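**Student:** Attaching a single structure in structure tokens format; questions to follow.
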Amino acid sequence: MKKFFRGVFSGYFLILLLLLIEIGVFIVVQFFLDDIIILFIGEYNYDVFLTVGLIYALFRIIVFIIAFIIFFRIISKLEDPEFKIPWIVGMLLMPFFFSVLFLIFGNHGLRKRDKKLIAANREAYDEYCRISTRREERYKQELGRAVGAFNYINNTAGLFATKHNKVTYYKNGETFFPAFLEGLKQAKEFIFMEFFIISDGKEWSAVQEILKEKAKEGVEIKIIYDDMGCGGTISSRTPKILKEFGIECLKFHPFRPILSGVYNNRDHRKIVLVDHQMAFTGGINLADEYANEIKRFGYWKDTMVKIEGPGIDNLITVFLQNYSLASLKVAEYQKYLDYEYPWCEEEGFVLPFGDGPGGIDDALVGEQTYINILNYAKDEVFISTPYLIPTYSLLDALRNAALRGVKVHLILPGIPDKKLVYMIAKSNFRYLLDAGVNIYLYTPGFNHMKSILSDDTLSLVGTINYDFRSLVHHFECAALLYKNPCLKDIKEDFLEMLSVSTPVPKDFKLNWFKRKVCSLLRLISPLL
């Protein structure tokens with residue numbers, strides 16, 4: 001039932017439903033309209049047929065005018081042609097369906113209300129940005145060649161690098177969850193949590209017990225979860241139930257039975273904040289399969305990092321952004337950001353950041369940060385992603401890195417969670433293999449890890465997949481790391497993964513039929 005519920009309310013289902021409706025209406029009007037009219041009025045009536053014909057002709061004219069206006073709206077938008085081509089082709093083939101689809105999903109940015117809230121939030125924490133800007137100027141020489149990747153995030157997401165943090169890397173759910181639960185127990189002031197998926201089970205039950213105790217002690221607790229992501233995994237009454245214990249729980253973009261583009265902009269972030277003591281982020285959701293308590297698609301591989309130090313402020317800021325969107329009010333940044341952190345002598349820089357649909361940053365921050373890290377590489381890059389349906393710019397950056405002589409190692413799942421998406425990912429293999437990219441399939445099971453390590457010195461650990469949903473539509477987050485001691489642990493983890501992964505043969509090739517199907521599916525992938 002959970003799979004059915006989540007499938008029915010997925011964006012893919014809604015798009016398919018619209019397509020079937022248009023095809024059905026077209027067939028009825030073109031071939032059976034006369035029979036239907038006779039069925040209802042009982043006889044042939046010239047005046048009725050003429051009236052219906054005129055109405056249908058007027059309808060087609062209106063559709064043509066709307067489609068014509070939308071067509072020029074599409075070609076006039078200042079964005080990558082990769083997003084324009086599917087709309088243009090669709091408008092030519094099925095103008096009515098794609099006109100409706102464009103009006104709902106055509107803008108992969110935020111609603112006006114959300115944009116106003118984001119702007120108000122930017123003003124609220126602008127004071128802290130100015131302080132960070134002065135500090136950042138002192139770091140530029142120490143960042144060396146990596147300065148460009150850091151500057152890009154500064155100038156788009158408005159967040160800055162910090163030193164004197166301690167960063168701990170967790171290579172799987174089995175090591176993360178005990179540390180996470182122990183961290184929650186240490187809270188004295190506040191606990192903030194943001195997850196794409198929260199699922200009933202052992203881990204969520206343990207978390208709830210701790211949160212209830214902490215709420216009794218007077219700890220402020222705020223939880224955000226994505227309503228679509230949690231469809232069928234927890235009760236829709238969860239916010240009301242937790243409220244009885246003094247816990248504020250908000251649904252992000254609550255699902256309502258209307259067709260709206262807002263459901264494309266899901267909260268895919270994973271953030272946990274415990275006072276100013278520690279912050280966690282990475283790819284792990286609050287569900288038992290991430291701890292391998294239950295088996296789904298073999299062994300579930302994912303990672304998190306814990307940050308202790310001034311880098312926590314960035315994740316507080318990122319959390320409060322989405323808290324504002326969920327609560328419809330500007331957050332109290334001064335209350336949480338006005339804090340002096342003790343210094344840690346650990347080397348390296350940390351820059352946690354958030355990414356989201358146009359309106360937060362007016363840029364594809366996750367995509368370009370991946371590209372910047374690939375461009376930074378001179379010797380070797382390790383990449384892990386569960387999905388490989390990237391923008392052409394990112395796909396080409398992978399290929400270009402290999403063609404420059406960089407050893408590129410790309411690890412994907414050995415057991416997929418979505419077979420059709422997996423087939424599309426495989427259709428990209430030939431393009432990358434020809435350039436010298438080494439591709440591996442993680443034999444033990446489903447590799448859900450979203451990380452990259454470049455030349456053993458620059459890394460990203462976060463929630464951002466190599467697909468259009470993460471790169472364009474979703475709210476995401478990650479931590480950019482430079483010369484931190486934990487990068488050795490990340491390197492060891494990648495090497496361990498490679499040791500249990502199967503290399504994809506250099507002569508790999510999908511059969512003719514699958515290649516053609518994937519070509520069609522890739523055409524519409526920017527829309528999904």
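By convention here, the chains of the structure tokens are called A, B, ... in the order presented, each chain's residues are numbered starting at 1, and ligands are numbered starting at 1 in the order presented.
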Tell me, which residues of range 102-263 of chain A carry DSSP strand (DSSP E), written as a list of chain:residue names?
**Tutor:** A:Lys166, A:Val167, A:Thr168, A:Tyr169, A:Tyr170, A:Phe190, A:Ile191, A:Phe192, A:Met193, A:Glu194, A:Phe195, A:Glu220, A:Ile221, A:Lys222, A:Ile223, A:Ile224, A:Tyr225, A:Asp226, A:Glu248, A:Cys249, A:Leu250, A:Lys251, A:Phe252
**Student:** Let me see the file: selected residues, N, CA and C atoms, as a compact mmCIF listing (two decimals), in the first residue's frame.
**Tutor:**
# COMPACT_ATOMS: atom_id res chain seq x y z
N LYS A 166 35.71 20.77 13.45
CA LYS A 166 36.01 19.34 13.47
C LYS A 166 34.96 18.64 12.63
N VAL A 167 35.39 17.86 11.64
CA VAL A 167 34.46 17.18 10.74
C VAL A 167 34.66 15.67 10.87
N THR A 168 33.57 14.97 11.15
CA THR A 168 33.60 13.51 11.28
C THR A 168 32.79 12.89 10.15
N TYR A 169 33.35 11.89 9.51
CA TYR A 169 32.72 11.23 8.36
C TYR A 169 32.14 9.89 8.80
N TYR A 170 30.87 9.65 8.42
CA TYR A 170 30.21 8.37 8.70
C TYR A 170 29.96 7.67 7.37
N PHE A 190 18.26 23.61 21.72
CA PHE A 190 17.36 23.37 20.58
C PHE A 190 17.81 22.15 19.78
N ILE A 191 16.84 21.56 19.10
CA ILE A 191 17.07 20.50 18.12
C ILE A 191 16.28 20.87 16.88
N PHE A 192 16.97 20.99 15.75
CA PHE A 192 16.31 21.24 14.46
C PHE A 192 16.58 20.03 13.56
N MET A 193 15.54 19.54 12.92
CA MET A 193 15.68 18.39 12.02
C MET A 193 14.91 18.65 10.73
N GLU A 194 15.53 18.29 9.62
CA GLU A 194 14.91 18.44 8.29
C GLU A 194 15.26 17.21 7.47
N PHE A 195 14.21 16.49 7.02
CA PHE A 195 14.42 15.26 6.26
C PHE A 195 13.46 15.19 5.08
N GLU A 220 13.88 23.43 22.75
CA GLU A 220 13.08 23.84 21.59
C GLU A 220 13.32 22.86 20.44
N ILE A 221 12.25 22.31 19.89
CA ILE A 221 12.38 21.30 18.83
C ILE A 221 11.56 21.71 17.62
N LYS A 222 12.22 21.77 16.46
CA LYS A 222 11.55 22.06 15.19
C LYS A 222 11.89 20.95 14.21
N ILE A 223 10.88 20.42 13.54
CA ILE A 223 11.07 19.37 12.54
C ILE A 223 10.37 19.79 11.25
N ILE A 224 11.06 19.61 10.13
CA ILE A 224 10.46 19.81 8.80
C ILE A 224 10.62 18.50 8.03
N TYR A 225 9.56 18.06 7.39
CA TYR A 225 9.71 16.90 6.49
C TYR A 225 8.90 17.14 5.23
N ASP A 226 9.36 16.54 4.15
CA ASP A 226 8.69 16.71 2.86
C ASP A 226 7.43 15.85 2.82
N GLU A 248 7.34 21.19 17.58
CA GLU A 248 6.82 21.83 16.36
C GLU A 248 7.25 21.01 15.15
N CYS A 249 6.29 20.50 14.40
CA CYS A 249 6.57 19.68 13.23
C CYS A 249 5.78 20.24 12.05
N LEU A 250 6.47 20.54 10.96
CA LEU A 250 5.84 21.17 9.80
C LEU A 250 6.04 20.32 8.55
N LYS A 251 4.99 20.25 7.74
CA LYS A 251 5.10 19.61 6.43
C LYS A 251 5.57 20.63 5.41
N PHE A 252 6.55 20.25 4.61
CA PHE A 252 7.03 21.14 3.56
C PHE A 252 6.22 20.90 2.29
**Student:** Env of Ile389 in chain A: 12 Å cut, atoms = only C-alpha atoms, seq-sep filter 3 positions within chain, self excluded. Answer as a ChimeraX atom specification.
**Tutor:** /A:385-386,392-395,412,420-429,465-472,518-519,521-526,528
**Student:** Produce a file of the selected residues containing N, CA and C atoms, as a compact mmCIF listing (two decimals), in the first residue's frame.
**Tutor:**
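Writing the result to result.txt gives the following:
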# COMPACT_ATOMS: atom_id res chain seq x y z
N THR A 385 27.05 8.32 -7.01
CA THR A 385 25.69 8.84 -7.19
C THR A 385 24.74 7.68 -7.46
N PRO A 386 23.52 7.75 -6.93
CA PRO A 386 22.56 6.67 -7.21
C PRO A 386 21.92 6.77 -8.59
N TYR A 392 23.36 18.22 -19.48
CA TYR A 392 24.42 17.97 -20.45
C TYR A 392 25.73 18.62 -19.98
N SER A 393 25.64 19.79 -19.33
CA SER A 393 26.85 20.48 -18.86
C SER A 393 27.61 19.62 -17.87
N LEU A 394 26.90 18.98 -16.96
CA LEU A 394 27.57 18.13 -15.97
C LEU A 394 28.10 16.85 -16.61
N LEU A 395 27.32 16.28 -17.51
CA LEU A 395 27.77 15.07 -18.21
C LEU A 395 29.05 15.36 -19.00
N LEU A 412 28.03 3.65 -9.36
CA LEU A 412 26.57 3.65 -9.34
C LEU A 412 26.07 2.37 -8.66
N LEU A 420 13.59 1.76 -14.58
CA LEU A 420 13.54 2.59 -15.78
C LEU A 420 14.60 3.69 -15.72
N VAL A 421 14.72 4.34 -14.55
CA VAL A 421 15.73 5.38 -14.35
C VAL A 421 17.13 4.79 -14.51
N TYR A 422 17.30 3.58 -14.02
CA TYR A 422 18.59 2.88 -14.11
C TYR A 422 18.95 2.62 -15.58
N MET A 423 17.95 2.25 -16.38
CA MET A 423 18.20 2.00 -17.80
C MET A 423 18.62 3.29 -18.51
N ILE A 424 17.98 4.42 -18.15
CA ILE A 424 18.37 5.69 -18.75
C ILE A 424 19.80 6.05 -18.35
N ALA A 425 20.14 5.77 -17.07
CA ALA A 425 21.51 6.02 -16.62
C ALA A 425 22.50 5.23 -17.46
N LYS A 426 22.18 3.97 -17.72
CA LYS A 426 23.07 3.12 -18.50
C LYS A 426 23.22 3.62 -19.94
N SER A 427 22.22 4.32 -20.44
CA SER A 427 22.31 4.84 -21.80
C SER A 427 23.38 5.94 -21.91
N ASN A 428 23.83 6.48 -20.76
CA ASN A 428 24.90 7.48 -20.76
C ASN A 428 26.29 6.85 -20.65
N PHE A 429 26.35 5.55 -20.38
CA PHE A 429 27.63 4.90 -20.15
C PHE A 429 28.56 5.01 -21.35
N ASN A 465 21.84 14.55 -6.08
CA ASN A 465 22.00 13.49 -7.08
C ASN A 465 22.41 14.07 -8.43
N TYR A 466 22.89 13.19 -9.30
CA TYR A 466 23.19 13.58 -10.67
C TYR A 466 21.95 13.38 -11.54
N ASP A 467 20.87 14.10 -11.19
CA ASP A 467 19.67 14.04 -12.01
C ASP A 467 18.97 15.39 -11.98
N PHE A 468 18.02 15.57 -12.88
CA PHE A 468 17.37 16.87 -13.02
C PHE A 468 16.58 17.26 -11.76
N ARG A 469 16.03 16.26 -11.07
CA ARG A 469 15.25 16.57 -9.87
C ARG A 469 16.12 17.29 -8.85
N SER A 470 17.30 16.72 -8.57
CA SER A 470 18.20 17.33 -7.59
C SER A 470 18.84 18.61 -8.12
N LEU A 471 19.26 18.58 -9.36
CA LEU A 471 20.03 19.70 -9.90
C LEU A 471 19.17 20.92 -10.23
N VAL A 472 17.88 20.70 -10.50
CA VAL A 472 17.03 21.79 -10.97
C VAL A 472 15.84 22.07 -10.04
N CYS A 518 15.41 5.06 -24.51
CA CYS A 518 16.13 6.01 -23.65
C CYS A 518 16.30 7.37 -24.32
N SER A 519 16.47 7.37 -25.62
CA SER A 519 16.58 8.65 -26.34
C SER A 519 15.30 9.46 -26.18
N LEU A 521 13.07 9.09 -23.69
CA LEU A 521 12.90 9.44 -22.29
C LEU A 521 13.84 10.57 -21.88
N ARG A 522 15.05 10.58 -22.42
CA ARG A 522 15.99 11.66 -22.10
C ARG A 522 15.47 12.99 -22.61
N LEU A 523 14.71 12.95 -23.69
CA LEU A 523 14.16 14.18 -24.25
C LEU A 523 13.26 14.90 -23.26
N ILE A 524 12.47 14.12 -22.51
CA ILE A 524 11.53 14.74 -21.55
C ILE A 524 12.07 14.77 -20.13
N SER A 525 13.27 14.21 -19.89
CA SER A 525 13.79 14.16 -18.52
C SER A 525 13.94 15.54 -17.88
N PRO A 526 14.26 16.62 -18.60
CA PRO A 526 14.33 17.93 -17.95
C PRO A 526 12.98 18.41 -17.41
N LEU A 528 10.73 16.42 -15.87
CA LEU A 528 10.20 15.55 -14.81
C LEU A 528 10.78 15.88 -13.44
**Student:** So how far away is CA of Leu410 in chain A from CA of Leu481 in chain A, in Å?
**Tutor:**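 Computing the Euclidean distance for CA of Leu481 in chain A and CA of Leu410 in chain A yields 19.4 Å.
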**Student:** Would you please work out which residue, of A:Cys477, A:Lys163, A:Ile55, A:Glu203, is nearest to Pro342 in chain A when using only C-alpha atoms?
**Tutor:**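 Nearest to Pro342 in chain A: A:Lys163.
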**Student:** Could you give me, as a tab-separated table, a per-residue list for range 436-465 of chain A showing, wherever an atom lies at most 10 Å from an atom of range 297-307 of chain A, the closest pair of atoms and their distance in Å to one decimal, using only C-alpha atoms and sorting by chain then residue number from low to high?
**Tutor:**
residue	atom	partner	partner_atom	distance
A:Tyr442	CA	A:Lys301	CA	9.1
A:Thr443	CA	A:Gly298	CA	8.9
A:Pro444	CA	A:Tyr299	CA	5.5
A:Gly445	CA	A:Gly298	CA	4.1
A:Phe446	CA	A:Trp300	CA	5.1
A:Asn447	CA	A:Lys301	CA	4.8
A:His448	CA	A:Asp302	CA	5.3
A:Met449	CA	A:Asp302	CA	4.3
A:Lys450	CA	A:Asp302	CA	7.7
A:Ser451	CA	A:Thr303	CA	8.4
A:Val461	CA	A:Met304	CA	7.2
A:Gly462	CA	A:Met304	CA	7.5
A:Thr463	CA	A:Met304	CA	9.5
**Student:** Keeping N, CA and C atoms, export the residues of the selection given above as a PDB file, in the first residue's frame.
**Tutor:**
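Listed below is the output, selection-v3.pdb:
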ATOM      1  N   TYR A 442      28.114  -0.910  -7.812  1.00  0.00           N
ATOM      2  CA  TYR A 442      28.317  -1.315  -6.421  1.00  0.00           C
ATOM      3  C   TYR A 442      27.610  -2.646  -6.164  1.00  0.00           C
ATOM      4  N   THR A 443      28.367  -3.716  -6.166  1.00  0.00           N
ATOM      5  CA  THR A 443      27.831  -5.079  -6.131  1.00  0.00           C
ATOM      6  C   THR A 443      26.952  -5.390  -4.921  1.00  0.00           C
ATOM      7  N   PRO A 444      27.303  -4.935  -3.690  1.00  0.00           N
ATOM      8  CA  PRO A 444      26.492  -5.333  -2.522  1.00  0.00           C
ATOM      9  C   PRO A 444      25.039  -4.874  -2.577  1.00  0.00           C
ATOM     10  N   GLY A 445      24.724  -3.825  -3.339  1.00  0.00           N
ATOM     11  CA  GLY A 445      23.323  -3.391  -3.361  1.00  0.00           C
ATOM     12  C   GLY A 445      23.132  -2.003  -3.914  1.00  0.00           C
ATOM     13  N   PHE A 446      22.341  -1.207  -3.188  1.00  0.00           N
ATOM     14  CA  PHE A 446      21.937   0.116  -3.661  1.00  0.00           C
ATOM     15  C   PHE A 446      22.855   1.187  -3.088  1.00  0.00           C
ATOM     16  N   ASN A 447      23.602   1.831  -3.956  1.00  0.00           N
ATOM     17  CA  ASN A 447      24.489   2.919  -3.573  1.00  0.00           C
ATOM     18  C   ASN A 447      23.724   4.236  -3.656  1.00  0.00           C
ATOM     19  N   HIS A 448      23.345   4.780  -2.507  1.00  0.00           N
ATOM     20  CA  HIS A 448      22.571   6.020  -2.432  1.00  0.00           C
ATOM     21  C   HIS A 448      23.459   7.207  -2.071  1.00  0.00           C
ATOM     22  N   MET A 449      24.748   6.999  -2.017  1.00  0.00           N
ATOM     23  CA  MET A 449      25.719   8.006  -1.575  1.00  0.00           C
ATOM     24  C   MET A 449      25.915   9.076  -2.652  1.00  0.00           C
ATOM     25  N   LYS A 450      25.933  10.347  -2.229  1.00  0.00           N
ATOM     26  CA  LYS A 450      26.125  11.463  -3.165  1.00  0.00           C
ATOM     27  C   LYS A 450      27.381  12.251  -2.745  1.00  0.00           C
ATOM     28  N   SER A 451      28.523  11.830  -3.235  1.00  0.00           N
ATOM     29  CA  SER A 451      29.788  12.439  -2.816  1.00  0.00           C
ATOM     30  C   SER A 451      30.755  12.509  -3.987  1.00  0.00           C
ATOM     31  N   VAL A 461      30.082  16.323   0.258  1.00  0.00           N
ATOM     32  CA  VAL A 461      29.201  15.289   0.781  1.00  0.00           C
ATOM     33  C   VAL A 461      27.833  15.934   0.994  1.00  0.00           C
ATOM     34  N   GLY A 462      26.782  15.339   0.402  1.00  0.00           N
ATOM     35  CA  GLY A 462      25.486  15.982   0.546  1.00  0.00           C
ATOM     36  C   GLY A 462      24.333  15.159   0.038  1.00  0.00           C
ATOM     37  N   THR A 463      23.314  15.866  -0.430  1.00  0.00           N
ATOM     38  CA  THR A 463      22.056  15.244  -0.853  1.00  0.00           C
ATOM     39  C   THR A 463      21.846  15.302  -2.353  1.00  0.00           C
TER      40      THR A 463
END
**Student:** For Lys270 in chain A, which of A:Phe319, A:Glu213, A:Leu351, A:Asp493 is the closest residue, counting only C-alpha atoms?
**Tutor:**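 The closest residue to Lys270 in chain A is A:Phe319.
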**Student:** I need the residues of range 61-207 of chain A that end up classed as helix (DSSP H, G or I) by DSSP on the backbone, written out as a PyMOL selection string.
**Tutor:** chain A and resi 61-76+81-93+95-105+112-124+126-157+173-185+202-207
**Student:** Restricting the calculation to only C-alpha atoms, which member of A:Val437, A:Leu325, A:Ile464, A:His164 is positioned closest to Trp343 in chain A?
**Tutor:** A:His164
**Student:** Can you work out which one of A:Gln277, A:Ser459, A:Ser235, A:Asn375 has the shortest atom-to-atom distance to Ile312 in chain A, counting only C-alpha atoms?
**Tutor:** A:Gln277
**Student:** For a quick check of understanding, using only C-alpha atoms, which of A:Ala479, A:Leu211, A:Ile490, A:Leu117 has the smallest distance to Phe349 in chain A?
**Tutor:**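 With only C-alpha atoms as the atom set, the closest residue is A:Ala479.
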